[in-house]
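A.B. asks: What follows is the file data-v3.txt, containing compact mmCIF, C-alpha atoms:
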# COMPACT_ATOMS: atom_id res chain seq x y z
CA MET A 1 -109.12 -24.60 6.35
CA LYS A 2 -106.24 -27.04 6.61
CA VAL A 3 -107.05 -30.72 6.03
CA ILE A 4 -105.22 -34.01 5.62
CA GLU A 5 -105.93 -35.51 2.19
CA ILE A 6 -105.19 -38.92 0.70
CA ALA A 7 -103.09 -37.98 -2.33
CA GLY A 8 -103.26 -41.51 -3.74
CA PHE A 9 -103.74 -44.97 -2.32
CA GLY A 10 -100.63 -46.32 -0.62
CA GLY A 11 -98.55 -46.09 2.54
CA PRO A 12 -98.58 -43.40 5.23
CA ASP A 13 -96.60 -41.02 3.04
CA VAL A 14 -99.62 -40.46 0.74
CA LEU A 15 -101.24 -38.34 3.45
CA ARG A 16 -100.82 -34.68 2.53
CA LEU A 17 -101.60 -31.37 4.24
CA ALA A 18 -103.90 -29.36 1.94
CA GLU A 19 -106.50 -26.59 1.95
CA ARG A 20 -110.24 -26.96 1.44
CA PRO A 21 -113.22 -24.63 1.89
CA VAL A 22 -114.80 -24.71 5.32
CA PRO A 23 -117.88 -26.96 5.07
CA VAL A 24 -121.37 -25.64 5.81
CA ALA A 25 -123.74 -27.37 8.23
CA GLY A 26 -127.06 -28.41 6.74
CA VAL A 27 -130.38 -29.43 8.25
CA GLY A 28 -129.86 -31.46 11.40
CA GLU A 29 -126.13 -30.74 11.39
CA LEU A 30 -123.58 -28.58 13.19
CA LEU A 31 -120.11 -27.29 12.39
CA ILE A 32 -117.26 -28.08 14.79
CA ARG A 33 -114.03 -26.14 15.04
CA VAL A 34 -111.83 -29.18 15.50
CA ALA A 35 -109.24 -29.26 18.26
CA ALA A 36 -108.33 -32.94 17.91
CA SER A 37 -109.08 -35.89 15.62
CA GLY A 38 -108.93 -39.57 16.51
CA ILE A 39 -106.99 -42.06 14.38
CA ASN A 40 -108.68 -45.39 13.67
CA ARG A 41 -107.96 -48.57 11.74
CA PRO A 42 -110.63 -47.78 9.09
CA ASP A 43 -108.65 -44.60 8.28
CA VAL A 44 -105.64 -46.78 7.48
CA LEU A 45 -107.75 -49.06 5.29
CA GLN A 46 -109.26 -46.05 3.47
CA ARG A 47 -105.78 -44.67 2.81
CA ALA A 48 -104.76 -48.04 1.35
CA GLY A 49 -107.80 -48.10 -0.97
CA LYS A 50 -109.54 -50.94 0.90
CA TYR A 51 -112.37 -49.06 2.64
CA PRO A 52 -113.94 -46.26 0.58
CA ALA A 53 -116.01 -43.57 2.23
CA PRO A 54 -119.78 -44.17 2.07
CA GLU A 55 -121.74 -42.38 -0.62
CA GLY A 56 -122.23 -38.74 0.30
CA ALA A 57 -119.49 -38.69 2.95
CA SER A 58 -116.36 -36.56 2.73
CA ASP A 59 -113.33 -38.12 1.06
CA ILE A 60 -111.20 -36.62 3.84
CA PRO A 61 -110.39 -39.42 6.31
CA GLY A 62 -111.27 -39.28 9.99
CA LEU A 63 -114.22 -40.75 11.90
CA GLU A 64 -114.12 -38.83 15.19
CA VAL A 65 -113.39 -35.31 16.35
CA ALA A 66 -113.61 -33.06 19.37
CA GLY A 67 -113.85 -29.30 19.51
CA THR A 68 -116.23 -26.36 19.77
CA ILE A 69 -119.59 -25.82 18.04
CA GLU A 70 -119.22 -22.93 15.59
CA SER A 71 -122.65 -22.95 13.96
CA GLY A 72 -125.51 -25.26 13.08
CA ASP A 73 -129.20 -25.98 12.66
CA ALA A 74 -130.72 -23.92 15.48
CA GLN A 75 -133.76 -26.14 15.90
CA ALA A 76 -131.72 -29.35 16.03
CA LEU A 77 -129.22 -27.79 18.45
CA SER A 78 -132.02 -26.65 20.75
CA ALA A 79 -133.69 -30.07 20.70
CA ALA A 80 -130.37 -31.69 21.66
CA GLY A 81 -129.69 -29.20 24.43
CA LEU A 82 -126.60 -27.84 22.66
CA ARG A 83 -125.49 -24.27 22.00
CA ILE A 84 -122.90 -22.42 19.94
CA GLY A 85 -119.62 -22.52 21.88
CA ASP A 86 -120.26 -25.87 23.59
CA ARG A 87 -117.46 -28.41 23.59
CA VAL A 88 -118.48 -31.65 21.93
CA CYS A 89 -117.06 -34.83 20.48
CA ALA A 90 -118.65 -36.45 17.44
CA LEU A 91 -118.76 -39.58 15.34
CA VAL A 92 -118.64 -38.78 11.62
CA ALA A 93 -118.61 -40.83 8.42
CA GLY A 94 -115.60 -38.88 7.13
CA GLY A 95 -113.99 -35.45 7.17
CA GLY A 96 -112.43 -35.69 10.63
CA TYR A 97 -108.85 -34.87 9.61
CA ALA A 98 -109.61 -31.17 9.24
CA GLN A 99 -109.75 -27.90 11.16
CA TYR A 100 -113.54 -27.80 10.69
CA CYS A 101 -115.93 -30.72 10.41
CA VAL A 102 -119.67 -31.05 9.90
CA ALA A 103 -121.44 -33.64 12.05
CA PRO A 104 -125.06 -34.73 12.51
CA VAL A 105 -126.31 -33.21 15.76
CA GLY A 106 -127.51 -36.62 16.94
CA GLN A 107 -124.00 -38.05 16.67
CA CYS A 108 -122.50 -35.40 18.95
CA LEU A 109 -121.97 -35.78 22.68
CA PRO A 110 -120.81 -33.23 25.24
CA VAL A 111 -117.18 -33.50 26.25
CA PRO A 112 -117.31 -35.33 29.61
CA GLN A 113 -116.45 -33.28 32.67
CA GLY A 114 -112.72 -33.09 33.31
CA LEU A 115 -111.60 -34.35 29.88
CA THR A 116 -109.39 -32.47 27.41
CA ASP A 117 -110.29 -32.18 23.73
CA ILE A 118 -107.53 -34.69 22.94
CA GLU A 119 -109.04 -37.21 25.34
CA ALA A 120 -112.54 -36.53 24.04
CA ALA A 121 -111.44 -37.08 20.43
CA SER A 122 -110.37 -40.61 21.39
CA LEU A 123 -113.89 -41.61 22.48
CA PRO A 124 -116.59 -41.66 19.77
CA GLU A 125 -115.53 -44.33 17.28
CA THR A 126 -114.60 -46.96 19.82
CA PHE A 127 -117.36 -46.18 22.31
CA PHE A 128 -120.10 -46.25 19.65
CA THR A 129 -118.65 -49.48 18.23
CA VAL A 130 -118.32 -51.26 21.56
CA TRP A 131 -121.77 -50.28 22.81
CA SER A 132 -123.45 -51.29 19.54
CA ASN A 133 -121.66 -54.63 19.23
CA VAL A 134 -120.94 -55.82 22.76
CA PHE A 135 -124.10 -54.63 24.50
CA ASP A 136 -126.75 -54.19 21.79
CA ARG A 137 -125.81 -56.94 19.34
CA GLY A 138 -123.88 -59.20 21.74
CA GLY A 139 -126.27 -58.67 24.64
CA LEU A 140 -123.53 -58.79 27.30
CA LYS A 141 -125.03 -58.78 30.79
CA SER A 142 -123.66 -58.22 34.27
CA GLY A 143 -122.02 -61.41 35.54
CA GLU A 144 -121.28 -62.78 32.06
CA THR A 145 -117.80 -63.22 30.58
CA LEU A 146 -116.52 -61.29 27.56
CA LEU A 147 -113.50 -62.35 25.48
CA VAL A 148 -111.91 -59.43 23.62
CA GLN A 149 -109.52 -60.20 20.80
CA GLY A 150 -106.89 -57.45 20.65
CA GLY A 151 -107.33 -56.06 24.14
CA SER A 152 -104.68 -53.36 23.76
CA SER A 153 -106.28 -51.75 20.68
CA GLY A 154 -108.46 -48.70 20.88
CA ILE A 155 -111.54 -50.93 20.70
CA GLY A 156 -110.00 -53.30 23.23
CA VAL A 157 -109.20 -50.79 25.97
CA THR A 158 -112.72 -49.38 25.61
CA ALA A 159 -114.35 -52.81 25.76
CA ILE A 160 -112.36 -53.78 28.86
CA GLN A 161 -113.36 -50.70 30.83
CA MET A 162 -116.96 -50.54 29.67
CA ALA A 163 -117.64 -54.23 30.32
CA LYS A 164 -116.00 -54.14 33.76
CA ALA A 165 -117.83 -50.97 34.77
CA LEU A 166 -121.14 -52.61 33.84
CA GLY A 167 -120.46 -55.78 35.82
CA ALA A 168 -118.98 -58.31 33.39
CA HIS A 169 -115.85 -60.47 33.65
CA VAL A 170 -113.28 -59.77 30.93
CA ILE A 171 -110.65 -61.97 29.28
CA VAL A 172 -108.45 -60.43 26.59
CA THR A 173 -105.82 -61.49 24.11
CA ALA A 174 -102.77 -59.41 23.23
CA GLY A 175 -99.51 -59.98 21.37
CA THR A 176 -96.90 -59.23 24.05
CA ASP A 177 -96.54 -59.68 27.78
CA GLU A 178 -96.28 -55.90 28.10
CA LYS A 179 -99.62 -55.41 26.33
CA CYS A 180 -101.17 -58.12 28.50
CA ALA A 181 -99.96 -56.26 31.59
CA ALA A 182 -101.46 -53.01 30.26
CA CYS A 183 -104.82 -54.73 29.78
CA LEU A 184 -104.74 -56.11 33.32
CA ALA A 185 -103.94 -52.63 34.64
CA LEU A 186 -107.08 -51.34 32.87
CA GLY A 187 -109.20 -53.91 34.70
CA ALA A 188 -109.19 -57.08 32.60
CA ASP A 189 -109.52 -60.17 34.78
CA HIS A 190 -107.21 -62.27 32.61
CA ALA A 191 -104.90 -61.58 29.65
CA ILE A 192 -103.71 -64.23 27.19
CA ASN A 193 -100.58 -63.75 25.09
CA TYR A 194 -101.86 -65.22 21.83
CA LYS A 195 -98.31 -65.68 20.51
CA THR A 196 -97.27 -67.98 23.35
CA GLN A 197 -100.63 -69.42 24.48
CA ASP A 198 -103.64 -71.05 22.82
CA PHE A 199 -106.47 -68.63 23.51
CA GLN A 200 -109.11 -71.33 23.02
CA ALA A 201 -107.59 -73.62 25.63
CA GLU A 202 -106.92 -70.74 28.01
CA ALA A 203 -110.44 -69.32 27.72
CA LEU A 204 -111.90 -72.73 28.55
CA ARG A 205 -109.45 -73.22 31.43
CA LEU A 206 -110.21 -69.80 32.89
CA THR A 207 -113.96 -70.50 32.78
CA ASP A 208 -113.66 -74.03 34.24
CA GLY A 209 -114.60 -75.50 30.88
CA CYS A 210 -117.85 -73.56 30.60
CA GLY A 211 -116.65 -71.08 27.96
CA VAL A 212 -117.24 -67.38 27.51
CA ASP A 213 -120.61 -65.73 26.87
CA VAL A 214 -119.58 -63.12 24.29
CA VAL A 215 -116.57 -62.81 21.97
CA LEU A 216 -115.66 -59.48 20.37
CA ASP A 217 -113.54 -60.40 17.36
CA MET A 218 -111.56 -58.09 15.07
CA VAL A 219 -109.63 -60.95 13.42
CA ALA A 220 -112.10 -63.45 11.85
CA GLY A 221 -110.33 -65.95 9.56
CA SER A 222 -109.04 -68.96 11.46
CA TYR A 223 -110.07 -67.45 14.80
CA VAL A 224 -113.76 -68.14 14.23
CA ALA A 225 -113.47 -71.94 14.53
CA LYS A 226 -111.64 -71.61 17.83
CA GLU A 227 -114.10 -69.03 19.13
CA VAL A 228 -117.01 -71.36 18.40
CA GLN A 229 -115.19 -73.98 20.47
CA CYS A 230 -114.67 -71.72 23.49
CA LEU A 231 -118.13 -70.12 23.58
CA ALA A 232 -120.53 -71.14 26.34
CA GLU A 233 -124.02 -72.42 25.62
CA ASP A 234 -126.14 -69.62 24.14
CA GLY A 235 -122.91 -67.70 23.51
CA ARG A 236 -122.60 -64.86 21.02
CA LEU A 237 -119.73 -64.21 18.60
CA VAL A 238 -119.63 -60.65 17.26
CA LEU A 239 -117.35 -59.86 14.31
CA ILE A 240 -116.35 -56.24 13.73
CA ALA A 241 -113.28 -56.58 11.46
CA VAL A 242 -111.55 -59.18 9.30
CA GLN A 243 -107.84 -58.56 9.87
CA GLY A 244 -107.21 -62.32 9.65
CA GLY A 245 -109.21 -62.80 6.44
CA VAL A 246 -112.82 -63.08 5.32
CA GLN A 247 -112.88 -66.85 4.82
CA CYS A 248 -113.46 -69.12 7.81
CA GLU A 249 -114.59 -72.66 8.61
CA PHE A 250 -116.22 -73.75 11.85
CA ASN A 251 -118.17 -76.64 13.35
CA ALA A 252 -121.76 -75.88 12.40
CA ALA A 253 -123.05 -78.79 14.46
CA LEU A 254 -121.47 -77.20 17.55
CA VAL A 255 -123.20 -73.92 16.76
CA MET A 256 -126.51 -75.76 16.73
CA ARG A 257 -125.82 -77.89 19.76
CA LYS A 258 -124.75 -74.93 21.92
CA ARG A 259 -127.36 -72.60 20.39
CA LEU A 260 -124.70 -70.06 19.42
CA THR A 261 -125.22 -66.76 17.64
CA VAL A 262 -122.62 -65.68 15.06
CA THR A 263 -123.18 -62.07 14.04
CA GLY A 264 -121.32 -58.91 13.13
CA SER A 265 -121.66 -55.37 11.90
CA THR A 266 -120.01 -52.30 10.50
CA LEU A 267 -120.94 -48.83 11.70
CA ARG A 268 -119.72 -46.24 9.23
CA ALA A 269 -122.50 -46.52 6.64
CA ARG A 270 -125.37 -46.95 9.11
CA PRO A 271 -128.02 -44.17 9.08
CA VAL A 272 -127.88 -41.16 11.38
CA ALA A 273 -130.96 -42.34 13.28
CA PHE A 274 -129.21 -45.59 14.22
CA LYS A 275 -126.08 -43.80 15.42
CA THR A 276 -128.20 -41.26 17.29
CA ARG A 277 -129.76 -44.08 19.33
CA ILE A 278 -126.29 -45.30 20.26
CA ALA A 279 -125.28 -41.76 21.28
CA GLN A 280 -128.33 -41.51 23.52
CA ALA A 281 -127.51 -44.86 25.17
CA LEU A 282 -123.92 -43.77 25.77
CA LEU A 283 -125.05 -40.48 27.27
CA GLN A 284 -127.31 -42.33 29.69
CA HIS A 285 -125.17 -45.32 30.64
CA VAL A 286 -121.51 -44.51 29.94
CA TRP A 287 -120.94 -40.73 30.00
CA PRO A 288 -121.65 -40.58 33.77
CA LEU A 289 -118.91 -43.19 34.27
CA LEU A 290 -116.44 -41.04 32.30
CA ALA A 291 -117.37 -38.00 34.39
CA VAL A 292 -116.36 -39.79 37.60
CA ALA A 293 -113.32 -41.51 36.01
CA ARG A 294 -114.67 -45.05 36.38
CA ILE A 295 -113.88 -45.26 32.67
CA LYS A 296 -110.89 -43.30 31.37
CA PRO A 297 -109.63 -42.41 27.89
CA VAL A 298 -106.43 -44.25 26.98
CA VAL A 299 -104.37 -42.05 24.65
CA HIS A 300 -101.09 -43.65 23.63
CA ARG A 301 -99.61 -40.76 21.65
CA VAL A 302 -100.56 -37.40 20.15
CA PHE A 303 -99.24 -36.05 16.83
CA ALA A 304 -99.49 -32.49 15.49
CA ALA A 305 -101.56 -32.47 12.31
CA LEU A 306 -99.89 -29.29 11.04
CA ASP A 307 -96.33 -30.51 11.68
CA THR A 308 -94.57 -31.23 8.37
CA SER A 309 -91.04 -30.77 9.68
CA GLN A 310 -90.32 -34.37 10.60
CA VAL A 311 -87.97 -36.44 8.46
CA SER A 312 -90.31 -39.40 8.94
CA GLY A 313 -93.25 -37.51 7.43
CA SER A 314 -96.16 -35.36 8.55
CA GLY A 315 -97.92 -35.81 11.86
CA ALA A 316 -100.71 -37.77 10.20
CA SER A 317 -98.23 -39.97 8.35
CA GLN A 318 -96.39 -40.72 11.58
CA ALA A 319 -99.67 -41.51 13.30
CA HIS A 320 -100.64 -43.99 10.60
CA ALA A 321 -97.20 -45.60 10.67
CA LEU A 322 -97.51 -46.09 14.42
CA MET A 323 -100.94 -47.65 14.05
CA GLU A 324 -99.67 -50.07 11.41
CA SER A 325 -96.73 -51.03 13.63
CA ASN A 326 -99.18 -52.32 16.27
CA GLN A 327 -96.92 -50.95 19.00
CA HIS A 328 -99.56 -48.77 20.60
CA VAL A 329 -101.83 -49.40 23.57
CA GLY A 330 -105.08 -47.44 23.24
CA LYS A 331 -105.74 -44.52 20.94
CA ILE A 332 -103.63 -42.30 18.68
CA VAL A 333 -104.79 -38.69 18.25
CA LEU A 334 -104.03 -35.72 15.97
CA THR A 335 -104.10 -32.24 17.44
CA TRP A 336 -104.76 -29.16 15.33
CA GLU A 337 -102.80 -26.76 17.51
CA ALA A 338 -100.10 -24.89 15.60
CA GLN A 339 -97.31 -26.53 17.60
CA ALA A 340 -96.96 -30.09 18.84
Now, as a test, write the supplied structure out as structure tokens.
C.D. replies:
Amino acid sequence: MKVIEIAGFGGPDVLRLAERPVPVAGVGELLIRVAASGINRPDVLQRAGKYPAPEGASDIPGLEVAGTIESGDAQALSAAGLRIGDRVCALVAGGGYAQYCVAPVGQCLPVPQGLTDIEAASLPETFFTVWSNVFDRGGLKSGETLLVQGGSSGIGVTAIQMAKALGAHVIVTAGTDEKCAACLALGADHAINYKTQDFQAEALRLTDGCGVDVVLDMVAGSYVAKEVQCLAEDGRLVLIAVQGGVQCEFNAALVMRKRLTVTGSTLRARPVAFKTRIAQALLQHVWPLLAVARIKPVVHRVFAALDTSQVSGSGASQAHALMESNQHVGKIVLTWEAQA
């Protein structure tokens, strides 16, 4: 099979088209013939040597795929209500940039009615992450207010739609007026241009001084102190990335006085059983909303994985360069069709 390998840590040009044996599904697993693979920020970090694959996972990058079930553990497939030939999307710990990918059966979900494989490949990583962190860990409830840092990212556009569909108010930050407008079009109640406005002051103003109930933060660093300031009493700050740095200082007395919770998580290395529970929650609460288009995939651009003809590099290299440029709104996807 054709795969995208990391030839050596570095920039987007270290991604190389190569050949590997088709993997074999083991107990509790299935094999997917991949039609499309989602691109995510952890892929970029892995390529740069800053986020190694968990022990036992494939060294091939890629955390989400969509395609057709080719084979698998018959008992596990039957228990999950899946069959050979079904279209599924899956969250994986690695190996997604390939024509075939093994996935735990519990981390697979049926492609929602009406969605293409490209759209389905844009779902798992962000939907699992948002559900686990905003709703499970952050405990967001209907009527509460969520502040999303980076509203135009793949995580951001998912958080906006999911929170709105489940009855929350949503404030986002983004780096341009155009990205703010895109977030508002997706349903955000308010969008703050963090380059021209102080998000702390704006979040307090927009909530009449009460503050927000939950913050979903991909930045950390200096943002944490300001987030503590603009959280409501009993508010929850959930950290899922540290793009602004791992060191932060904040007013601990304010955390105590307002009874705040500061938490965070990563998903990739968590056990299959944990991710299976998230998949089951998504199937129950979110997949029906996708089927009726109350929540929609947001795919910014699609690149051909097998295309090596471009002067600017392979399809995967171009996809990573676009992600690092931060010019996208929503998800970037690779397709494994022979032509773009």
A.B. asks: What is the atom CA of A:Ala66-atom CA of A:Pro54 distance in Å, reported with one decimal?
C.D. replies: 21.5 Å
A.B. asks: Can you measure atom CA of A:Ile60 to atom CA of A:Asp13 for me? One decimal in Å is fine.
C.D. replies: 15.3 Å
A.B. asks: Which of these, A:Ala269, A:Trp287, A:Gly56, A:Gly38, has the shortest distance to A:Ala165 once you count all atoms listed in the file?
C.D. replies: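 Using all atoms listed in the file, the shortest distance to A:Ala165 belongs to A:Trp287.
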A.B. asks: For a test of reading the model, state the distance in Å between atom CA of A:Pro110 and atom CA of A:Glu70, rounded to one decimal.
C.D. replies: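 Taking atom CA of A:Pro110 and atom CA of A:Glu70, their separation equals 14.2 Å.
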A.B. asks: Starting from the point (-106.8, -56.2, 21.9), work out which residues of protein, DNA or RNA have an atom no more than 9 Å away when counting only C-alpha atoms; state them as a list of chain:residue names.
C.D. replies: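 Every residue inside that radius is included here: A:Val148, A:Gln149, A:Gly150, A:Gly151, A:Ser152, A:Ser153, A:Gly154, A:Ile155, A:Gly156, A:Val157, A:Val172, A:Thr173, A:Ala174, A:Gly175, A:Lys179, A:Cys180, A:Cys183, A:Met218, A:Val329.
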A.B. asks: Which residue, A:Ile4, A:Leu15, A:Ala80, A:Ala36, has the smallest gap to A:Pro104 when you use only C-alpha atoms?
C.D. replies: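 Of A:Ile4, A:Leu15, A:Ala80, A:Ala36, the one nearest A:Pro104 is A:Ala80, counting only C-alpha atoms.
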A.B. asks: Which of these residues is nearest to A:Ala182, using only C-alpha atoms: A:Leu30, A:Ala74, A:Val298, A:Ala168?
C.D. replies: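 Distance minimum relative to A:Ala182 lands on A:Val298.
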A.B. asks: Nearest to A:Gln327: which of A:Asp136, A:Cys101, A:Met256, A:Arg301 is it, counting all atoms listed in the file?
C.D. replies: A:Arg301
A.B. asks: What's the 9 Å shell around A:Leu290, counting only C-alpha atoms, without same-chain residues fewer than 3 positions away, as a VMD selection string?
C.D. replies: chain A and resid 112 to 115 286 to 287 293 to 297
A.B. asks: For stretch 79-83 of chain A, I'd like the enclosing box, axis-aligned and padded by 3 Å on every side, reported as lines of an AutoDock Vina configuration file with centre and edge lengths in Å to one decimal.
C.D. replies:
center_x = -129.6
center_y = -28.0
center_z = 22.6
size_x = 14.2
size_y = 13.4
size_z = 9.7
A.B. asks: So that I can check the surroundings of A:Ile332, please list as an MDAnalysis selection string every protein, DNA and RNA residue that reaches within 9 Å of it, counting only C-alpha atoms and ignoring chain neighbours fewer than 2 positions away.
C.D. replies: chainID A and resid 37:40 122 154 298:303 319:320 322:323 328:330 334
A.B. asks: Point out the residue among A:Tyr97, A:Tyr51, A:Phe199, A:Trp131 with the least atom-to-atom distance to A:Leu17, counting all atoms listed in the file.
C.D. replies: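 Residue with the minimum atom-to-atom distance to A:Leu17: A:Tyr97.
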A.B. asks: I need the residue nearest A:Pro271 from this list: A:Pro61, A:Gly49, A:Gly8, A:Gly106. Use only C-alpha atoms for the distance.
C.D. replies: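 Comparing A:Pro61, A:Gly49, A:Gly8, A:Gly106 against A:Pro271, the winner is A:Gly106.
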A.B. asks: Given the point (-116.8, -54.9, 28.8) in the file's coordinates, find the residues that have an atom at most 9 Å from it, counting only C-alpha atoms, and give them as a PyMOL selection string.
C.D. replies: chain A and resi 130+134-135+140+145-148+156+158-170+188
A.B. asks: Complete the atom set of stretch 290-311 of chain A to N, CA and C atoms and return it as a compact mmCIF listing (two decimals), keeping the file's coordinate frame.
C.D. replies:
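The resulting file, selection37.txt, is shown below:
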# COMPACT_ATOMS: atom_id res chain seq x y z
N LEU A 290 -117.60 -41.84 32.71
CA LEU A 290 -116.44 -41.04 32.30
C LEU A 290 -116.29 -39.81 33.20
N ALA A 291 -117.40 -39.22 33.58
CA ALA A 291 -117.37 -38.00 34.39
C ALA A 291 -116.77 -38.24 35.77
N VAL A 292 -116.91 -39.47 36.27
CA VAL A 292 -116.36 -39.79 37.60
C VAL A 292 -115.12 -40.67 37.49
N ALA A 293 -114.58 -40.79 36.28
CA ALA A 293 -113.32 -41.51 36.01
C ALA A 293 -113.39 -43.00 36.33
N ARG A 294 -114.58 -43.59 36.30
CA ARG A 294 -114.67 -45.05 36.38
C ARG A 294 -114.26 -45.68 35.05
N ILE A 295 -114.42 -44.92 33.99
CA ILE A 295 -113.88 -45.26 32.67
C ILE A 295 -113.01 -44.08 32.24
N LYS A 296 -111.82 -44.37 31.72
CA LYS A 296 -110.89 -43.30 31.37
C LYS A 296 -110.41 -43.45 29.92
N PRO A 297 -110.23 -42.33 29.22
CA PRO A 297 -109.63 -42.41 27.89
C PRO A 297 -108.20 -42.95 28.01
N VAL A 298 -107.80 -43.73 27.02
CA VAL A 298 -106.43 -44.25 26.98
C VAL A 298 -105.79 -43.74 25.70
N VAL A 299 -105.03 -42.66 25.80
CA VAL A 299 -104.37 -42.05 24.65
C VAL A 299 -102.89 -42.43 24.68
N HIS A 300 -102.48 -43.17 23.68
CA HIS A 300 -101.09 -43.65 23.63
C HIS A 300 -100.13 -42.55 23.21
N ARG A 301 -100.50 -41.81 22.15
CA ARG A 301 -99.61 -40.76 21.65
C ARG A 301 -100.41 -39.73 20.85
N VAL A 302 -99.92 -38.51 20.86
CA VAL A 302 -100.56 -37.40 20.15
C VAL A 302 -99.58 -36.85 19.11
N PHE A 303 -100.05 -36.63 17.90
CA PHE A 303 -99.24 -36.05 16.83
C PHE A 303 -99.86 -34.73 16.39
N ALA A 304 -99.02 -33.78 15.98
CA ALA A 304 -99.49 -32.49 15.49
C ALA A 304 -99.85 -32.60 14.01
N ALA A 305 -101.10 -32.35 13.69
CA ALA A 305 -101.56 -32.47 12.31
C ALA A 305 -100.84 -31.50 11.37
N LEU A 306 -100.50 -30.32 11.89
CA LEU A 306 -99.89 -29.29 11.04
C LEU A 306 -98.37 -29.38 10.97
N ASP A 307 -97.79 -30.36 11.64
CA ASP A 307 -96.33 -30.51 11.68
C ASP A 307 -95.86 -31.26 10.45
N THR A 308 -95.14 -30.58 9.56
CA THR A 308 -94.57 -31.23 8.37
C THR A 308 -93.05 -31.20 8.40
N SER A 309 -92.49 -30.95 9.58
CA SER A 309 -91.04 -30.77 9.68
C SER A 309 -90.28 -32.06 9.91
N GLN A 310 -91.00 -33.15 10.23
CA GLN A 310 -90.32 -34.37 10.60
C GLN A 310 -89.77 -35.11 9.38
N VAL A 311 -88.57 -35.66 9.54
CA VAL A 311 -87.97 -36.44 8.46
C VAL A 311 -88.84 -37.64 8.10
